[in-house]
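As structure tokens, the structure follows; a few thoughts come after it.
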Amino acid sequence: MESITVVSLLDVIGELFSDEISIAVSNKKEYIYYRPSKRVDLKISPGDPVKKGTIAYKALHTEQKVSEFINRDVFGVPYHGMAVPFLNNGKIEGCVTAIFPTLTEGKSVVTLKTNDGWVPVPFAEVYYFEAKDRKTHVHSELALGTHKNSLQEFEYLLPKENFIRCHRSFIVNVNQIKEIYPDSHSTFLLAMRNGEKVPVSQSYSSYFRKLLGF
């Protein structure tokens with residue numbers, strides 16, 4: 001068998017994991033490999049130092065498996081991860097880290113800013129979130145309004161069993177999708193229950209199809 005590189009081997013191994021899990025590998029000082037997921041991306045690059053406060057840093061210094069929640073102070077986004085150190089001849093050489101998106105912070109509503117004030121809307125009644133004109137617009141049964149959070153922040157806060165990122169500008173509530181149509185420009189077009197259309201972009205199409213099972 002022809003020789004295989006470490007990176008290509010890690011890419012293949014990464015395919016065994018969920019599309020929601022990012023994988024990072026480091027030596028004792030810096031990252032040597034990173035595979036981001038659609039759900040959580042810490043923007044790590046090979047050569048970046050292993051920061052103090054990360055689970056990789058803790059695993060390397062305690063020389064044991066570490067699994068815990070890390071707040072947004074380290075990478076700018078919150079995440080839950082598991083880091084396992086690996087040995088060579090009995091000595092620590094580095095660690096492998098699996099990075100999971102955080103679940104909802106226990107909230108069940110999103111509070112929209114409208115012209116008249118603020119309207120709390122239950123998650124179930126939200127049709128979709130749209131990034132437009134440097135604002136996040138929330139389309140719901142009760143009201144149309146804006147929110148201070150970015151789509152990336154919402155992606156980590158919303159319950160993942162109900163909300164899916166389908167485009168760089170859209171997150172949809174899968175329970176509010178009425179029909180799915182093929183579309184030449186955006187791969188798919190979602191007909192929402194409020195009568196509006198939401199595109200699924202090429203970069204999210206395979207992930208979207210896998211999660212919805214079609």
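Simple scheme: letters A, B, ... for chains in structure tokens order, numbers from 1 for residues in each chain, numbers from 1 for ligands in the order shown.
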(request) Name the residues in contact with Glu155 of chain A at a cut-off of 12 Å, using only C-alpha atoms, excluding same-chain residues fewer than 6 positions from it; report them as a PyMOL selection string. (result) chain A and resi 20+38-41+77-79+101-105+128-130+149+161-173
Let's have the selection written as a PDB file, in the first residue's frame, with C-alpha atoms.
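Output below, filename result_12.pdb:
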ATOM      1  CA  GLU A  20     -21.633  18.756  13.991  1.00  0.00           C
ATOM      2  CA  LYS A  38     -20.889  23.297  10.068  1.00  0.00           C
ATOM      3  CA  ARG A  39     -22.180  23.761  13.612  1.00  0.00           C
ATOM      4  CA  VAL A  40     -19.091  24.975  15.459  1.00  0.00           C
ATOM      5  CA  ASP A  41     -15.873  26.490  14.108  1.00  0.00           C
ATOM      6  CA  VAL A  77     -17.798  31.184  20.837  1.00  0.00           C
ATOM      7  CA  PRO A  78     -18.889  28.769  23.571  1.00  0.00           C
ATOM      8  CA  TYR A  79     -18.361  25.055  23.047  1.00  0.00           C
ATOM      9  CA  PRO A 101     -21.701  22.879  19.666  1.00  0.00           C
ATOM     10  CA  THR A 102     -23.343  24.060  22.867  1.00  0.00           C
ATOM     11  CA  LEU A 103     -26.995  23.371  23.465  1.00  0.00           C
ATOM     12  CA  THR A 104     -29.540  26.043  24.239  1.00  0.00           C
ATOM     13  CA  GLU A 105     -28.855  27.988  27.432  1.00  0.00           C
ATOM     14  CA  TYR A 128     -36.626  31.660  10.338  1.00  0.00           C
ATOM     15  CA  PHE A 129     -33.758  34.050  11.107  1.00  0.00           C
ATOM     16  CA  GLU A 130     -32.287  36.210   8.361  1.00  0.00           C
ATOM     17  CA  ASN A 149     -27.427  38.411  18.252  1.00  0.00           C
ATOM     18  CA  GLU A 161     -33.114  19.518  16.905  1.00  0.00           C
ATOM     19  CA  ASN A 162     -35.381  22.308  15.575  1.00  0.00           C
ATOM     20  CA  PHE A 163     -33.140  24.885  13.897  1.00  0.00           C
ATOM     21  CA  ILE A 164     -30.757  24.352  10.977  1.00  0.00           C
ATOM     22  CA  ARG A 165     -28.359  26.728   9.237  1.00  0.00           C
ATOM     23  CA  CYS A 166     -29.208  26.413   5.546  1.00  0.00           C
ATOM     24  CA  HIS A 167     -27.436  29.463   4.111  1.00  0.00           C
ATOM     25  CA  ARG A 168     -24.913  32.039   5.306  1.00  0.00           C
ATOM     26  CA  SER A 169     -27.885  34.402   5.707  1.00  0.00           C
ATOM     27  CA  PHE A 170     -30.556  32.023   7.041  1.00  0.00           C
ATOM     28  CA  ILE A 171     -31.372  29.684   9.927  1.00  0.00           C
ATOM     29  CA  VAL A 172     -34.726  27.904   9.617  1.00  0.00           C
ATOM     30  CA  ASN A 173     -37.096  26.179  12.003  1.00  0.00           C
TER      31      ASN A 173
END
(request) Run DSSP on the backbone and give me the residues of segment 142-183 of chain A it puts in strand (DSSP E), as a list in words. (result) Leu144, Gly145, Thr146, His147, Phe163, Ile164, Arg165, Cys166, His167, Phe170, Ile171, Val172, Asn173, Ile177, Lys178, Glu179, Ile180, Tyr181, Pro182 and Asp183 of chain A
Counting only C-alpha atoms, what are the residues of segment 86-157 of chain A within 9 Å of segment 174-193 of chain A, and for each of them which pair of atoms is the nearest and at what distance in Å, to one decimal? Sort the table by chain and rising number, as CSV.
residue,atom,partner,partner_atom,distance
A:Ala124,CA,A:Asn175,CA,7.7
A:Glu125,CA,A:Gln176,CA,8.2
A:Val126,CA,A:Gln176,CA,7.8
A:Tyr127,CA,A:Gln176,CA,5.6
A:Tyr128,CA,A:Gln176,CA,8.3
File of the preceding selection, N, CA, C and O atoms, as an mmCIF file, in the first residue's frame:
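After the write, selection-v8.cif holds the following:
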data_model
loop_
_atom_site.group_PDB
_atom_site.id
_atom_site.type_symbol
_atom_site.label_atom_id
_atom_site.label_comp_id
_atom_site.auth_asym_id
_atom_site.auth_seq_id
_atom_site.Cartn_x
_atom_site.Cartn_y
_atom_site.Cartn_z
ATOM 1 N N ALA A 124 -40.825 27.746 19.054
ATOM 2 C CA ALA A 124 -41.680 26.970 18.148
ATOM 3 C C ALA A 124 -42.415 27.846 17.153
ATOM 4 O O ALA A 124 -42.825 27.370 16.082
ATOM 5 N N GLU A 125 -42.600 29.141 17.474
ATOM 6 C CA GLU A 125 -43.353 30.037 16.608
ATOM 7 C C GLU A 125 -42.472 30.882 15.685
ATOM 8 O O GLU A 125 -42.965 31.742 14.966
ATOM 9 N N VAL A 126 -41.170 30.623 15.720
ATOM 10 C CA VAL A 126 -40.245 31.322 14.816
ATOM 11 C C VAL A 126 -40.166 30.560 13.500
ATOM 12 O O VAL A 126 -39.985 29.344 13.483
ATOM 13 N N TYR A 127 -40.341 31.265 12.380
ATOM 14 C CA TYR A 127 -40.218 30.646 11.064
ATOM 15 C C TYR A 127 -38.747 30.529 10.665
ATOM 16 O O TYR A 127 -38.267 29.456 10.337
ATOM 17 N N TYR A 128 -38.049 31.677 10.683
ATOM 18 C CA TYR A 128 -36.626 31.660 10.338
ATOM 19 C C TYR A 128 -35.943 32.952 10.778
ATOM 20 O O TYR A 128 -36.598 33.956 11.106
#
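Checking A:Leu142, A:Ala83, A:Val198, A:Ile70 one by one against Thr97 of chain A, counting only C-alpha atoms, you find the shortest gap at A:Ala83.
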(request) Give me the residues within 10 Å of Lys51 of chain A as a list in words, counting only C-alpha atoms and dropping any in the same chain fewer than 5 places off. (result)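 Skipping anything fewer than 5 positions along the chain leaves Lys29, Glu30, Tyr31, Ala56, Tyr57, Lys58, Val74 and Phe75 of chain A.
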(request) Can you pull out every residue within 9 Å of Ser150 of chain A, counting only C-alpha atoms, but drop anything in the same chain fewer than 4 positions away, and send it as a PyMOL selection string? (result) chain A and resi 131+134-136+154-155
Write a file of the just-selected residues containing all heavy atoms, as a PDB file, in the first residue's frame.
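Output contents, as saved in part-v8.pdb:
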ATOM      1  N   ALA A 131     -30.075  37.205   8.181  1.00  0.00           N
ATOM      2  CA  ALA A 131     -29.084  38.271   8.316  1.00  0.00           C
ATOM      3  C   ALA A 131     -29.200  39.187   7.109  1.00  0.00           C
ATOM      4  O   ALA A 131     -29.001  38.761   5.967  1.00  0.00           O
ATOM      5  CB  ALA A 131     -27.689  37.676   8.405  1.00  0.00           C
ATOM      6  N   ARG A 134     -26.903  44.172   7.992  1.00  0.00           N
ATOM      7  CA  ARG A 134     -26.137  44.171   9.247  1.00  0.00           C
ATOM      8  C   ARG A 134     -27.002  43.972  10.484  1.00  0.00           C
ATOM      9  O   ARG A 134     -26.622  44.346  11.593  1.00  0.00           O
ATOM     10  CB  ARG A 134     -25.311  45.459   9.381  1.00  0.00           C
ATOM     11  CG  ARG A 134     -24.267  45.638   8.284  1.00  0.00           C
ATOM     12  CD  ARG A 134     -23.409  46.851   8.520  1.00  0.00           C
ATOM     13  NE  ARG A 134     -22.395  46.998   7.486  1.00  0.00           N
ATOM     14  CZ  ARG A 134     -21.488  47.969   7.453  1.00  0.00           C
ATOM     15  NH1 ARG A 134     -21.483  48.889   8.405  1.00  0.00           N
ATOM     16  NH2 ARG A 134     -20.603  48.018   6.480  1.00  0.00           N
ATOM     17  N   LYS A 135     -28.172  43.395  10.283  1.00  0.00           N
ATOM     18  CA  LYS A 135     -29.061  43.088  11.405  1.00  0.00           C
ATOM     19  C   LYS A 135     -29.566  41.652  11.259  1.00  0.00           C
ATOM     20  O   LYS A 135     -29.569  41.093  10.167  1.00  0.00           O
ATOM     21  CB  LYS A 135     -30.255  44.041  11.438  1.00  0.00           C
ATOM     22  CG  LYS A 135     -29.914  45.482  11.771  1.00  0.00           C
ATOM     23  CD  LYS A 135     -31.180  46.324  11.836  1.00  0.00           C
ATOM     24  CE  LYS A 135     -30.860  47.769  12.197  1.00  0.00           C
ATOM     25  NZ  LYS A 135     -32.102  48.609  12.271  1.00  0.00           N
ATOM     26  N   THR A 136     -30.010  41.089  12.375  1.00  0.00           N
ATOM     27  CA  THR A 136     -30.652  39.775  12.330  1.00  0.00           C
ATOM     28  C   THR A 136     -32.154  39.982  12.430  1.00  0.00           C
ATOM     29  O   THR A 136     -32.657  40.472  13.448  1.00  0.00           O
ATOM     30  CB  THR A 136     -30.170  38.875  13.488  1.00  0.00           C
ATOM     31  OG1 THR A 136     -28.764  38.659  13.361  1.00  0.00           O
ATOM     32  CG2 THR A 136     -30.888  37.526  13.453  1.00  0.00           C
ATOM     33  N   PHE A 154     -26.769  32.795  17.323  1.00  0.00           N
ATOM     34  CA  PHE A 154     -28.014  32.039  17.396  1.00  0.00           C
ATOM     35  C   PHE A 154     -27.780  30.556  17.101  1.00  0.00           C
ATOM     36  O   PHE A 154     -28.443  29.686  17.654  1.00  0.00           O
ATOM     37  CB  PHE A 154     -29.047  32.596  16.419  1.00  0.00           C
ATOM     38  CG  PHE A 154     -29.932  33.657  17.004  1.00  0.00           C
ATOM     39  CD1 PHE A 154     -30.025  34.914  16.435  1.00  0.00           C
ATOM     40  CD2 PHE A 154     -30.684  33.395  18.146  1.00  0.00           C
ATOM     41  CE1 PHE A 154     -30.842  35.891  16.981  1.00  0.00           C
ATOM     42  CE2 PHE A 154     -31.510  34.368  18.705  1.00  0.00           C
ATOM     43  CZ  PHE A 154     -31.584  35.618  18.122  1.00  0.00           C
ATOM     44  N   GLU A 155     -26.825  30.280  16.229  1.00  0.00           N
ATOM     45  CA  GLU A 155     -26.552  28.899  15.849  1.00  0.00           C
ATOM     46  C   GLU A 155     -26.132  28.056  17.054  1.00  0.00           C
ATOM     47  O   GLU A 155     -26.394  26.857  17.117  1.00  0.00           O
ATOM     48  CB  GLU A 155     -25.450  28.871  14.786  1.00  0.00           C
ATOM     49  CG  GLU A 155     -25.433  27.621  13.954  1.00  0.00           C
ATOM     50  CD  GLU A 155     -24.517  27.756  12.753  1.00  0.00           C
ATOM     51  OE1 GLU A 155     -23.883  28.817  12.590  1.00  0.00           O
ATOM     52  OE2 GLU A 155     -24.441  26.790  11.979  1.00  0.00           O
TER      53      GLU A 155
END
(request) Determine, counting only C-alpha atoms, which protein, DNA and RNA residues have an atom within 8 Å of an atom of Leu144 of chain A; residues of the same chain fewer than 4 positions away are not included. Present the result as a PyMOL selection string. (result) chain A and resi 112+114+137-140
Selection file, C-alpha atoms, as a compact mmCIF listing (two decimals), in the first residue's frame:
# COMPACT_ATOMS: atom_id res chain seq x y z
CA LEU A 112 -37.71 40.66 19.18
CA THR A 114 -40.19 45.96 17.05
CA HIS A 137 -34.31 39.78 11.31
CA VAL A 138 -36.59 37.26 13.02
CA HIS A 139 -39.70 36.12 11.16
CA SER A 140 -42.34 34.60 13.44
(message) Measuring between only C-alpha atoms, which one of A:Gly145, A:Gly76, A:Gly117, A:Gly213 shows the shortest distance to Lys43 of chain A?
(response) A:Gly76
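Note that atom CA of Ser37 of chain A and atom CA of Lys197 of chain A are 26.0 Å apart.
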(request) Could you please determine the separation between atom CA of Gly81 of chain A and atom CA of Lys210 of chain A in Å, to one decimal place? (result)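 These atoms are spaced 22.9 Å apart.
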(request) Find the residues around Val50 of chain A up to 12 Å (only C-alpha atoms counted), leave out those fewer than 2 positions away in its own chain, and share them as an MDAnalysis selection string. (result) chainID A and resid 24:33 44:48 52:61 74:75 94:97
Output file for the residues above (N, CA, C and O atoms, as a compact mmCIF listing (two decimals), in the first residue's frame):
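So selection27.txt came out as:
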# COMPACT_ATOMS: atom_id res chain seq x y z
N ALA A 24 -9.69 18.66 16.41
CA ALA A 24 -8.40 19.35 16.47
C ALA A 24 -7.35 18.40 17.04
O ALA A 24 -7.63 17.63 17.96
N VAL A 25 -6.16 18.45 16.46
CA VAL A 25 -5.04 17.64 16.96
C VAL A 25 -3.87 18.58 17.21
O VAL A 25 -3.57 19.46 16.40
N SER A 26 -3.23 18.42 18.36
CA SER A 26 -2.10 19.28 18.70
C SER A 26 -0.92 18.44 19.18
O SER A 26 -1.09 17.29 19.60
N ASN A 27 0.27 19.02 19.09
CA ASN A 27 1.40 18.46 19.82
C ASN A 27 1.41 19.12 21.19
O ASN A 27 0.37 19.62 21.63
N LYS A 28 2.51 19.17 21.87
CA LYS A 28 2.51 19.72 23.23
C LYS A 28 2.39 21.24 23.26
O LYS A 28 2.09 21.82 24.30
N LYS A 29 2.58 21.90 22.12
CA LYS A 29 2.58 23.36 22.11
C LYS A 29 1.61 24.00 21.13
O LYS A 29 1.08 25.08 21.39
N GLU A 30 1.39 23.35 19.98
CA GLU A 30 0.58 23.99 18.96
C GLU A 30 -0.29 22.98 18.22
O GLU A 30 -0.04 21.77 18.27
N TYR A 31 -1.30 23.51 17.52
CA TYR A 31 -2.19 22.66 16.74
C TYR A 31 -1.51 22.26 15.44
O TYR A 31 -0.85 23.08 14.78
N ILE A 32 -1.68 20.98 15.05
CA ILE A 32 -1.08 20.50 13.82
C ILE A 32 -2.14 20.09 12.80
O ILE A 32 -1.83 19.85 11.64
N TYR A 33 -3.40 20.03 13.25
CA TYR A 33 -4.49 19.66 12.35
C TYR A 33 -5.80 20.20 12.91
O TYR A 33 -6.01 20.22 14.13
N ILE A 44 -9.46 27.67 14.26
CA ILE A 44 -8.10 27.25 14.55
C ILE A 44 -7.36 26.99 13.25
O ILE A 44 -7.92 26.47 12.29
N SER A 45 -6.08 27.35 13.22
CA SER A 45 -5.23 27.05 12.07
C SER A 45 -4.01 26.28 12.54
O SER A 45 -3.51 26.51 13.65
N PRO A 46 -3.50 25.34 11.73
CA PRO A 46 -2.27 24.64 12.10
C PRO A 46 -1.16 25.64 12.39
O PRO A 46 -0.95 26.58 11.63
N GLY A 47 -0.47 25.45 13.50
CA GLY A 47 0.57 26.39 13.92
C GLY A 47 0.12 27.31 15.03
O GLY A 47 0.95 27.93 15.72
N ASP A 48 -1.21 27.42 15.24
CA ASP A 48 -1.71 28.23 16.36
C ASP A 48 -1.32 27.58 17.68
O ASP A 48 -1.37 26.35 17.82
N LYS A 52 -4.01 28.66 26.92
CA LYS A 52 -4.35 28.35 28.30
C LYS A 52 -5.86 28.54 28.48
O LYS A 52 -6.44 29.49 27.99
N GLY A 53 -6.50 27.61 29.16
CA GLY A 53 -7.94 27.69 29.36
C GLY A 53 -8.74 26.78 28.45
O GLY A 53 -9.91 26.54 28.70
N THR A 54 -8.09 26.26 27.38
CA THR A 54 -8.78 25.31 26.50
C THR A 54 -8.71 23.91 27.10
O THR A 54 -7.86 23.62 27.94
N ILE A 55 -9.59 23.03 26.63
CA ILE A 55 -9.54 21.67 27.15
C ILE A 55 -8.30 20.94 26.65
O ILE A 55 -7.80 20.03 27.31
N ALA A 56 -7.77 21.33 25.47
CA ALA A 56 -6.53 20.73 24.98
C ALA A 56 -5.38 21.05 25.94
O ALA A 56 -4.57 20.18 26.28
N TYR A 57 -5.31 22.29 26.36
CA TYR A 57 -4.27 22.72 27.32
C TYR A 57 -4.40 21.94 28.62
O TYR A 57 -3.40 21.46 29.18
N LYS A 58 -5.63 21.79 29.11
CA LYS A 58 -5.85 21.07 30.37
C LYS A 58 -5.50 19.60 30.25
O LYS A 58 -4.92 19.02 31.17
N ALA A 59 -5.83 18.99 29.10
CA ALA A 59 -5.51 17.58 28.89
C ALA A 59 -3.99 17.36 28.85
O ALA A 59 -3.48 16.38 29.41
N LEU A 60 -3.29 18.27 28.19
CA LEU A 60 -1.83 18.15 28.08
C LEU A 60 -1.15 18.30 29.44
O LEU A 60 -0.17 17.62 29.74
N HIS A 61 -1.68 19.19 30.28
CA HIS A 61 -1.04 19.47 31.56
C HIS A 61 -1.47 18.53 32.69
O HIS A 61 -0.73 18.35 33.66
N VAL A 74 -12.49 32.27 25.40
CA VAL A 74 -11.27 31.70 24.82
C VAL A 74 -11.21 31.86 23.31
O VAL A 74 -10.26 32.39 22.75
N PHE A 75 -12.27 31.38 22.61
CA PHE A 75 -12.28 31.43 21.15
C PHE A 75 -13.33 32.36 20.57
O PHE A 75 -13.47 32.46 19.35
N GLY A 94 0.94 14.88 22.58
CA GLY A 94 -0.07 15.81 22.12
C GLY A 94 -1.44 15.33 22.54
O GLY A 94 -1.56 14.48 23.43
N CYS A 95 -2.48 15.87 21.91
CA CYS A 95 -3.83 15.40 22.23
C CYS A 95 -4.77 15.61 21.05
O CYS A 95 -4.50 16.41 20.15
N VAL A 96 -5.86 14.85 21.08
CA VAL A 96 -6.92 14.97 20.09
C VAL A 96 -8.15 15.54 20.79
O VAL A 96 -8.51 15.07 21.88
N THR A 97 -8.76 16.55 20.19
CA THR A 97 -9.91 17.22 20.80
C THR A 97 -11.12 17.14 19.88
O THR A 97 -11.03 17.45 18.69
